[in-house]
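Student: Once you've had a glance at the structure underneath, I'll fire off some questions.
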Amino acid sequence: GESVGLHLPTLSVQEGDNSIINCAYSNSASDYFIWYKQESGKGPQFIIDIRSNMDKRQGQRVTVLLNKTVKHLSLQIAATQPGDSAVYFCAEFLYNFNKFYFGSGTKLNVKP
Amino acid sequence: DTGVSQDPRHKITKRGQNVTFRCDPISEHNRLYWYRQTLGQGPEFLTYFQNEAQLEKSRLLSDRFSAERPKGSFSTLEIQRTEQGDSAMYLCASQGNTEAFFGQGTRLTVV
């Protein structure tokens, strides 16, 4: 299968700072991408998605950027809060394969 | 609450026993996925349903695993003759057009 990977396994930020979580993907045919947040013992929680024909999408305190030239995806979290501490996964979806491919995740630690 | 329910949340079983998990997806979603996740890893695809039809199966899904989605509503995942290597979090996701939502998972521990 195709691989989705994250550059940094652990990211520590100060409360109130902005966080940037990066993700590299390998399949240029991916149709869209989703960022998930996963807290310990819970299932992945949908944060935001972006279609492959878009470069940027904004949500509440979060922005996803897609750079198809270098196959790179990022999640920006503004004014990071302690409740943002979790593992973040990016997932790419291919309609032809009917599945999401996940990377191994980045753990975000927010220091008070 | 994502609207996707999984039952049970936790299951401890002895090696060799059979276990069955249930997933109730969001009612209007016709796509349903099962994933498996081990500690420190991202979820791995197991199988996919479009309505009641099982259209994709991973090679991870050995012949001890079977999944069903009768009537295209809830789904069950059964593991027969469980092994210690089956210990993991089993996740169900449902998808409408694009957004896919996961349940809270079933944590299986095989002792």
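Every chain in the structure tokens takes a letter, A first, then B, and so on in the order presented; its residues are numbered from 1, and the ligands are numbered from 1 following the presented order.
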Would you give me, as a CSV table (one decimal) with all heavy atoms, in the first residue's frame, the residues of chain A that come within 7 Å of chain B, using only C-alpha atoms?

Tutor:
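Result file selection_17.csv:
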```csv
chain,number,residue,atom,x,y,z
A,42,LYS,N,-9.2,6.6,23.1
A,42,LYS,CA,-10.4,7.0,22.3
A,42,LYS,C,-10.1,6.8,20.8
A,42,LYS,O,-9.0,6.6,20.4
A,42,LYS,CB,-10.7,8.5,22.6
A,42,LYS,CG,-11.1,8.8,24.0
A,42,LYS,CD,-11.6,10.2,24.2
A,42,LYS,CE,-12.0,10.5,25.6
A,42,LYS,NZ,-12.4,11.9,25.8
A,43,GLY,N,-11.2,6.8,20.1
A,43,GLY,CA,-11.1,6.7,18.6
A,43,GLY,C,-10.6,8.0,18.0
A,43,GLY,O,-10.7,9.1,18.7
A,44,PRO,N,-10.1,8.0,16.8
A,44,PRO,CA,-9.7,9.2,16.1
A,44,PRO,C,-10.9,10.2,15.9
A,44,PRO,O,-12.0,9.7,15.5
A,44,PRO,CB,-9.2,8.7,14.7
A,44,PRO,CG,-8.9,7.3,15.0
A,44,PRO,CD,-9.9,6.8,16.0
A,45,GLN,N,-10.7,11.4,16.2
A,45,GLN,CA,-11.7,12.4,16.1
A,45,GLN,C,-11.5,13.3,14.9
A,45,GLN,O,-10.4,13.9,14.7
A,45,GLN,CB,-11.7,13.3,17.3
A,45,GLN,CG,-12.7,14.5,17.3
A,45,GLN,CD,-12.5,15.4,18.5
A,45,GLN,OE1,-11.8,15.0,19.5
A,45,GLN,NE2,-13.1,16.6,18.5
A,46,PHE,N,-12.4,13.4,14.0
A,46,PHE,CA,-12.3,14.2,12.8
A,46,PHE,C,-12.1,15.7,13.1
A,46,PHE,O,-12.8,16.2,14.0
A,46,PHE,CB,-13.6,14.1,11.9
A,46,PHE,CG,-13.6,14.9,10.7
A,46,PHE,CD1,-13.3,14.4,9.5
A,46,PHE,CD2,-14.0,16.2,10.8
A,46,PHE,CE1,-13.3,15.1,8.3
A,46,PHE,CE2,-14.1,17.0,9.6
A,46,PHE,CZ,-13.7,16.5,8.4
A,99,LYS,N,-10.3,3.1,0.7
A,99,LYS,CA,-9.7,3.1,2.0
A,99,LYS,C,-8.9,4.3,2.3
A,99,LYS,O,-8.5,5.0,1.5
A,99,LYS,CB,-8.8,1.8,2.2
A,99,LYS,CG,-7.6,1.7,1.3
A,99,LYS,CD,-6.8,0.5,1.6
A,99,LYS,CE,-7.5,-0.8,1.3
A,99,LYS,NZ,-7.4,-1.1,-0.2
A,102,PHE,N,-3.2,5.7,6.9
A,102,PHE,CA,-2.8,6.5,8.0
A,102,PHE,C,-1.3,6.4,8.2
A,102,PHE,O,-0.7,5.4,7.9
A,102,PHE,CB,-3.4,6.0,9.3
A,102,PHE,CG,-4.9,6.4,9.4
A,102,PHE,CD1,-5.9,5.6,8.8
A,102,PHE,CD2,-5.3,7.5,10.2
A,102,PHE,CE1,-7.2,5.9,9.0
A,102,PHE,CE2,-6.6,7.8,10.4
A,102,PHE,CZ,-7.6,7.0,9.8
A,103,GLY,N,-0.7,7.5,8.7
A,103,GLY,CA,0.7,7.5,9.1
A,103,GLY,C,0.7,7.0,10.6
A,103,GLY,O,-0.3,6.7,11.2
A,104,SER,N,1.9,7.1,11.2
A,104,SER,CA,2.1,6.7,12.5
A,104,SER,C,1.7,7.7,13.6
A,104,SER,O,1.6,7.5,14.7
A,104,SER,CB,3.5,6.2,12.8
A,104,SER,OG,4.4,7.2,12.5
A,105,GLY,N,1.5,9.0,13.2
A,105,GLY,CA,1.0,10.0,14.1
A,105,GLY,C,2.1,10.9,14.7
A,105,GLY,O,3.3,10.5,14.7
```

Student: Give me the residues near Asp49 in chain A as a list in words, where near means some atom within 8 Å (using only C-alpha atoms) and where sequence neighbours in that chain fewer than 6 positions away do not count.

Tutor: Tyr32, Phe33, Ile34, Trp35, Arg57 and Val64 of chain A; Glu99 of chain B

Student: One number please: CA of Ser26 in chain A to CA of Ser12 in chain A, in Å, one decimal.

Tutor: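 Between CA of Ser26 in chain A and CA of Ser12 in chain A the gap is 26.3 Å.
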
Student: How many Å separate CA of Val87 in chain A from CA of Gln38 in chain A?

Tutor: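 The value is 5.2 Å.
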
Student: Which value, in Å to one decimal, gives the distance between CA of Leu32 in chain B and CA of Ala67 in chain B?

Tutor: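 For CA of Leu32 in chain B relative to CA of Ala67 in chain B, the distance reads 11.0 Å.
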
Student: From the options A:Ala78, A:Tyr36, A:Asn27, A:Gly41, which residue's atoms come nearest to Gln58 in chain A, counting only C-alpha atoms?

Tutor: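 Closest to Gln58 in chain A of all the choices is A:Ala78.
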
Student: Could you give me, as a list in words, the residues within 6 Å of Arg81 in chain B, counting only C-alpha atoms and dropping anything in the same chain fewer than 5 positions from it?

Tutor: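 Counting only the stated atoms, we get Gly16, Gln17 and Asn18 of chain B.
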
Student: Tell me, which residues of range 9-76 of chain A carry DSSP strand (DSSP E or B), written as a PyMOL selection string?

Tutor: chain A and resi 10-14+19-25+32-38+45-51+56-58+62-67+72-76

Student: Here is a test: counting only C-alpha atoms, which residue of A:Val110, A:Leu65, A:Val70, A:Val13 is nearest to Ser85 in chain A?

Tutor: A:Val110

Student: Identify, on the basis of only C-alpha atoms, every residue whose closest approach to Leu73 in chain A does not exceed 9 Å; exclude the query and any residue fewer than 3 positions from it along the same chain; express the result as a list in words.

Tutor: Ile21, Asn22, Cys23, Ala24, Tyr25, Phe33, Val64, Leu65, Leu66, Asn67, Lys68 and Cys90 of chain A

Student: Okay, now the selection with C-alpha atoms, as a CSV table (one decimal), in the first residue's frame?

Tutor:
```csv
chain,number,residue,atom,x,y,z
A,21,ILE,CA,2.1,19.4,12.4
A,22,ASN,CA,3.5,18.1,9.1
A,23,CYS,CA,2.7,15.1,7.0
A,24,ALA,CA,4.2,13.6,3.8
A,25,TYR,CA,2.3,11.4,1.5
A,33,PHE,CA,-7.0,14.1,3.1
A,64,VAL,CA,-4.8,22.7,6.7
A,65,LEU,CA,-2.4,23.4,3.8
A,66,LEU,CA,-1.9,21.0,0.9
A,67,ASN,CA,1.2,21.2,-1.3
A,68,LYS,CA,0.7,18.7,-4.1
A,90,CYS,CA,-3.1,12.6,8.7
```
